[in-house]
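Each remark here refers to the structure printed beneath this line.
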Amino acid sequence: MMQIFSTEQEDIKAAAKIIADGGLLAFPTETVYGLGANACDSDALARLYAAKGRPRFNPLIVHAASIEALEAHVAFSEDAKTLADRFWPGPLTMVLPRLEDTRLSPLVSAGLPSAAVRIPASETARKLLSLLKDPVAAPSANRSGQLSPTMPAHVLSELHDKIHGLIEAGSCAIGVESTIISLTEETPVLLRAGGLARSALEEALGKEIASPHQNMDGVESNTEARPAPGLLQSHYAPRALVRLNAKAAQEGETLLGFGEVSGASLNLSLNGDLLEAASNLFAMLHELDALGVGAIAVSPIPENGLGEAINDRLRRAAAPRP
Ligand code: TXA
Ligand code: MG
């Protein structure tokens, strides 16, 4: 049976027990809802992959309440320390080398020598994480390939019969996933644009960040020889077809606007505010899907700041479906 929890301390305690006992718990972060399991428990992680229908070669982000809790598992370089000091807790994930004696299950890394780690800013998430002995692996709480959930109802509609609990905390403040940077090699690589702008990272590091190469299959690969995990091109897909950079809706399309455009059924941000647009993005795509819309045309969105993450998600939503 699935249990629903509030953000009261007693409820968070009971929810934490689900993870400690090897179960699957959906919980809020400032980016999107995550589906958490004990990152050191391979059986729990196997259940997590199964619940999401996620390919085993797509590794997971490991969440903790403090740097100290992560230092037992991954190696922090100088750059990593700089970014941690500056941006944690917050919407930043760093891919770092695994330590040899880490107790993290190899399943969180899908066989890679690295692990992705993050300290979320959400107060509820941090209360939950601080009650647990081990870090928590948490992908977004959706079925693999579907839109990320930014509200409890999104989680329930896809996963209610596959998870043991959900902490309900309303809408996520940021609304797009964390920015992922790999620091396993000389040059930092931006693996995923997200809730923290690339320019903020470059400014803090005092150097440019490389972008991953993309091969013909639409599978991005970073500088490591093997294709990086999980960044399949068609992802974040609503059921409706999606057309980008639309000046207006064509016949049969519904317009998702940005800024002062006319004829939009929904508008990501009337004032052209990218923060507001990011936090509305998945919720509005979910809403249009729920309305049974067949085709969505989206207004142009500038590429600066959070626009890089918004456009990345929209390009994936518009990509040919597998
Ligand atoms: O905002 C977020 O990051 C949310 C919340 C719940 O924290 N989580 C999230 O997880 O978006 P997920 O599983 O949907 O996306 C994780 C991404 C995947 O694209 C995966 O390939 C990448 O992180 N990743 C994880 N570990 C990696 C590693 N060792 N090397 C390269 N990429 C990694
Ligand atoms: Mg995801």
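Residue numbers start at 1 in each chain; chains themselves are named A, B, ... in the order of the structure tokens; ligands are numbered from 1 in the order shown.
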Per-residue nearest contacts of chain A to ligand 2 (12 Å; only C-alpha atoms and all ligand atoms) as JSON lines:
```
{"residue": "A:Thr31", "atom": "CA", "partner": "ligand 2", "partner_atom_place_in_ligand_line": "1 (Mg)", "distance": 11.0}
{"residue": "A:Val32", "atom": "CA", "partner": "ligand 2", "partner_atom_place_in_ligand_line": "1 (Mg)", "distance": 9.0}
{"residue": "A:Tyr33", "atom": "CA", "partner": "ligand 2", "partner_atom_place_in_ligand_line": "1 (Mg)", "distance": 9.7}
{"residue": "A:Gly34", "atom": "CA", "partner": "ligand 2", "partner_atom_place_in_ligand_line": "1 (Mg)", "distance": 8.6}
{"residue": "A:Leu35", "atom": "CA", "partner": "ligand 2", "partner_atom_place_in_ligand_line": "1 (Mg)", "distance": 9.8}
{"residue": "A:Tyr49", "atom": "CA", "partner": "ligand 2", "partner_atom_place_in_ligand_line": "1 (Mg)", "distance": 11.8}
{"residue": "A:Lys52", "atom": "CA", "partner": "ligand 2", "partner_atom_place_in_ligand_line": "1 (Mg)", "distance": 9.6}
{"residue": "A:Gly53", "atom": "CA", "partner": "ligand 2", "partner_atom_place_in_ligand_line": "1 (Mg)", "distance": 11.5}
{"residue": "A:Arg54", "atom": "CA", "partner": "ligand 2", "partner_atom_place_in_ligand_line": "1 (Mg)", "distance": 9.5}
{"residue": "A:Pro55", "atom": "CA", "partner": "ligand 2", "partner_atom_place_in_ligand_line": "1 (Mg)", "distance": 11.8}
{"residue": "A:Asn58", "atom": "CA", "partner": "ligand 2", "partner_atom_place_in_ligand_line": "1 (Mg)", "distance": 9.9}
{"residue": "A:Pro59", "atom": "CA", "partner": "ligand 2", "partner_atom_place_in_ligand_line": "1 (Mg)", "distance": 10.6}
{"residue": "A:Leu60", "atom": "CA", "partner": "ligand 2", "partner_atom_place_in_ligand_line": "1 (Mg)", "distance": 9.2}
{"residue": "A:Ile61", "atom": "CA", "partner": "ligand 2", "partner_atom_place_in_ligand_line": "1 (Mg)", "distance": 9.9}
{"residue": "A:Ala138", "atom": "CA", "partner": "ligand 2", "partner_atom_place_in_ligand_line": "1 (Mg)", "distance": 9.2}
{"residue": "A:Pro139", "atom": "CA", "partner": "ligand 2", "partner_atom_place_in_ligand_line": "1 (Mg)", "distance": 5.6}
{"residue": "A:Ser140", "atom": "CA", "partner": "ligand 2", "partner_atom_place_in_ligand_line": "1 (Mg)", "distance": 4.4}
{"residue": "A:Ala141", "atom": "CA", "partner": "ligand 2", "partner_atom_place_in_ligand_line": "1 (Mg)", "distance": 7.3}
{"residue": "A:Asn142", "atom": "CA", "partner": "ligand 2", "partner_atom_place_in_ligand_line": "1 (Mg)", "distance": 7.0}
{"residue": "A:Arg143", "atom": "CA", "partner": "ligand 2", "partner_atom_place_in_ligand_line": "1 (Mg)", "distance": 8.4}
{"residue": "A:Ser144", "atom": "CA", "partner": "ligand 2", "partner_atom_place_in_ligand_line": "1 (Mg)", "distance": 6.9}
{"residue": "A:Gly145", "atom": "CA", "partner": "ligand 2", "partner_atom_place_in_ligand_line": "1 (Mg)", "distance": 7.4}
{"residue": "A:Gln146", "atom": "CA", "partner": "ligand 2", "partner_atom_place_in_ligand_line": "1 (Mg)", "distance": 7.9}
{"residue": "A:Leu147", "atom": "CA", "partner": "ligand 2", "partner_atom_place_in_ligand_line": "1 (Mg)", "distance": 7.7}
{"residue": "A:Ser148", "atom": "CA", "partner": "ligand 2", "partner_atom_place_in_ligand_line": "1 (Mg)", "distance": 6.0}
{"residue": "A:Pro149", "atom": "CA", "partner": "ligand 2", "partner_atom_place_in_ligand_line": "1 (Mg)", "distance": 9.0}
{"residue": "A:Thr150", "atom": "CA", "partner": "ligand 2", "partner_atom_place_in_ligand_line": "1 (Mg)", "distance": 11.5}
{"residue": "A:Val176", "atom": "CA", "partner": "ligand 2", "partner_atom_place_in_ligand_line": "1 (Mg)", "distance": 9.9}
{"residue": "A:Glu177", "atom": "CA", "partner": "ligand 2", "partner_atom_place_in_ligand_line": "1 (Mg)", "distance": 7.6}
{"residue": "A:Ser178", "atom": "CA", "partner": "ligand 2", "partner_atom_place_in_ligand_line": "1 (Mg)", "distance": 10.1}
{"residue": "A:Arg192", "atom": "CA", "partner": "ligand 2", "partner_atom_place_in_ligand_line": "1 (Mg)", "distance": 11.0}
{"residue": "A:Gly194", "atom": "CA", "partner": "ligand 2", "partner_atom_place_in_ligand_line": "1 (Mg)", "distance": 11.6}
{"residue": "A:Pro229", "atom": "CA", "partner": "ligand 2", "partner_atom_place_in_ligand_line": "1 (Mg)", "distance": 11.7}
{"residue": "A:Gly230", "atom": "CA", "partner": "ligand 2", "partner_atom_place_in_ligand_line": "1 (Mg)", "distance": 8.9}
{"residue": "A:Leu231", "atom": "CA", "partner": "ligand 2", "partner_atom_place_in_ligand_line": "1 (Mg)", "distance": 9.4}
{"residue": "A:Leu232", "atom": "CA", "partner": "ligand 2", "partner_atom_place_in_ligand_line": "1 (Mg)", "distance": 10.8}
{"residue": "A:Ser234", "atom": "CA", "partner": "ligand 2", "partner_atom_place_in_ligand_line": "1 (Mg)", "distance": 11.8}
{"residue": "A:His235", "atom": "CA", "partner": "ligand 2", "partner_atom_place_in_ligand_line": "1 (Mg)", "distance": 8.3}
{"residue": "A:Tyr236", "atom": "CA", "partner": "ligand 2", "partner_atom_place_in_ligand_line": "1 (Mg)", "distance": 7.6}
{"residue": "A:Ala237", "atom": "CA", "partner": "ligand 2", "partner_atom_place_in_ligand_line": "1 (Mg)", "distance": 10.9}
{"residue": "A:Phe282", "atom": "CA", "partner": "ligand 2", "partner_atom_place_in_ligand_line": "1 (Mg)", "distance": 11.8}
{"residue": "A:Arg313", "atom": "CA", "partner": "ligand 2", "partner_atom_place_in_ligand_line": "1 (Mg)", "distance": 10.8}
```
Residues of range 162-201 of chain A at most 7 Å from range 305-312 of chain A: nearest atom pair and distance in Å, only C-alpha atoms, as CSV:
```
residue,atom,partner,partner_atom,distance
A:Ala193,CA,A:Ala309,CA,4.6
A:Gly194,CA,A:Ala309,CA,4.7
A:Gly195,CA,A:Leu306,CA,6.4
A:Leu196,CA,A:Leu306,CA,7.0
A:Ala197,CA,A:Gly305,CA,5.0
```
Now that the selection is made, can you save its residues with N, CA and C atoms as a PDB file, in the first residue's frame?
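Final output, saved to again-v2.pdb:
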```pdb
ATOM      1  N   ALA A 193      21.972  20.882 -19.146  1.00  0.00           N
ATOM      2  CA  ALA A 193      21.573  22.220 -18.722  1.00  0.00           C
ATOM      3  C   ALA A 193      20.434  22.054 -17.720  1.00  0.00           C
ATOM      4  N   GLY A 194      20.345  22.927 -16.739  1.00  0.00           N
ATOM      5  CA  GLY A 194      19.297  22.751 -15.734  1.00  0.00           C
ATOM      6  C   GLY A 194      19.061  24.020 -14.944  1.00  0.00           C
ATOM      7  N   GLY A 195      18.625  23.852 -13.706  1.00  0.00           N
ATOM      8  CA  GLY A 195      18.163  24.963 -12.875  1.00  0.00           C
ATOM      9  C   GLY A 195      19.213  25.984 -12.500  1.00  0.00           C
ATOM     10  N   LEU A 196      20.488  25.675 -12.741  1.00  0.00           N
ATOM     11  CA  LEU A 196      21.543  26.654 -12.479  1.00  0.00           C
ATOM     12  C   LEU A 196      22.183  26.999 -13.823  1.00  0.00           C
ATOM     13  N   ALA A 197      22.260  28.294 -14.138  1.00  0.00           N
ATOM     14  CA  ALA A 197      22.738  28.706 -15.474  1.00  0.00           C
ATOM     15  C   ALA A 197      24.221  28.394 -15.648  1.00  0.00           C
TER      16      ALA A 197
END
```
| When distances are computed from only C-alpha atoms and all ligand atoms, which of A:Phe87, A:Ala137, A:Glu78, A:Ser66 shows the smallest separation from ligand 1? |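 Using only C-alpha atoms and all ligand atoms, ligand 1 sits closest to A:Ala137.
Distance check against ligand 1 using only C-alpha atoms and all ligand atoms: of A:Thr29, A:Ser262, A:Ser279, A:Thr102, the minimum falls on A:Thr29.
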| query | Which residues come within 12 Å of Asp101 in chain A, counting only C-alpha atoms, excluding same-chain residues fewer than 2 positions away, as number ranges by chain? | reply | A: 71-75, 97-99, 103-106
| field | Pick from A:Arg243, A:Arg118, A:Arg126, A:His286, whichever lies nearest to ligand 1 using only C-alpha atoms and all ligand atoms | value |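 Checking each of A:Arg243, A:Arg118, A:Arg126, A:His286 against ligand 1, counting only C-alpha atoms and all ligand atoms, the winner is A:Arg118.
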| query | Looking only at the backbone, which of the residues in range 19-185 of chain A does DSSP tag as strand (DSSP E or B), as a PyMOL selection string? | reply | chain A and resi 25-27+34-38+61-63+74+92-98+114-118+136-137+140+146+165-167+179-182
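Here the question is which of A:Ala125, A:Ile167, A:Leu281, A:Ala319 gets nearest to Pro152 in chain A using only C-alpha atoms, and that residue is A:Ile167.
In this model, the gap between CA of Thr124 in chain A and CA of Ala26 in chain A comes to 11.8 Å.
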| request: Determine the nearest neighbour of ligand 1 from the options A:Leu191, A:Asp43, A:Ser122, A:Ala20, counting only C-alpha atoms and all ligand atoms. | output: A:Leu191
| request: Considering only C-alpha atoms, return as a PyMOL selection string whatever protein or nucleic-acid residues lie within 9 Å of Ala210 in chain A, sequence-local ones (same chain, fewer than 5 positions apart) excluded. | output: chain A and resi 187-191
Selection from above, C-alpha atoms, as a PDB file, in the first residue's frame, can you write it?
```pdb
ATOM      1  CA  THR A 187      38.028  20.211 -18.467  1.00  0.00           C
ATOM      2  CA  PRO A 188      34.598  20.435 -16.842  1.00  0.00           C
ATOM      3  CA  VAL A 189      31.778  19.212 -19.110  1.00  0.00           C
ATOM      4  CA  LEU A 190      28.158  20.354 -18.910  1.00  0.00           C
ATOM      5  CA  LEU A 191      26.211  17.082 -19.211  1.00  0.00           C
TER       6      LEU A 191
END
```
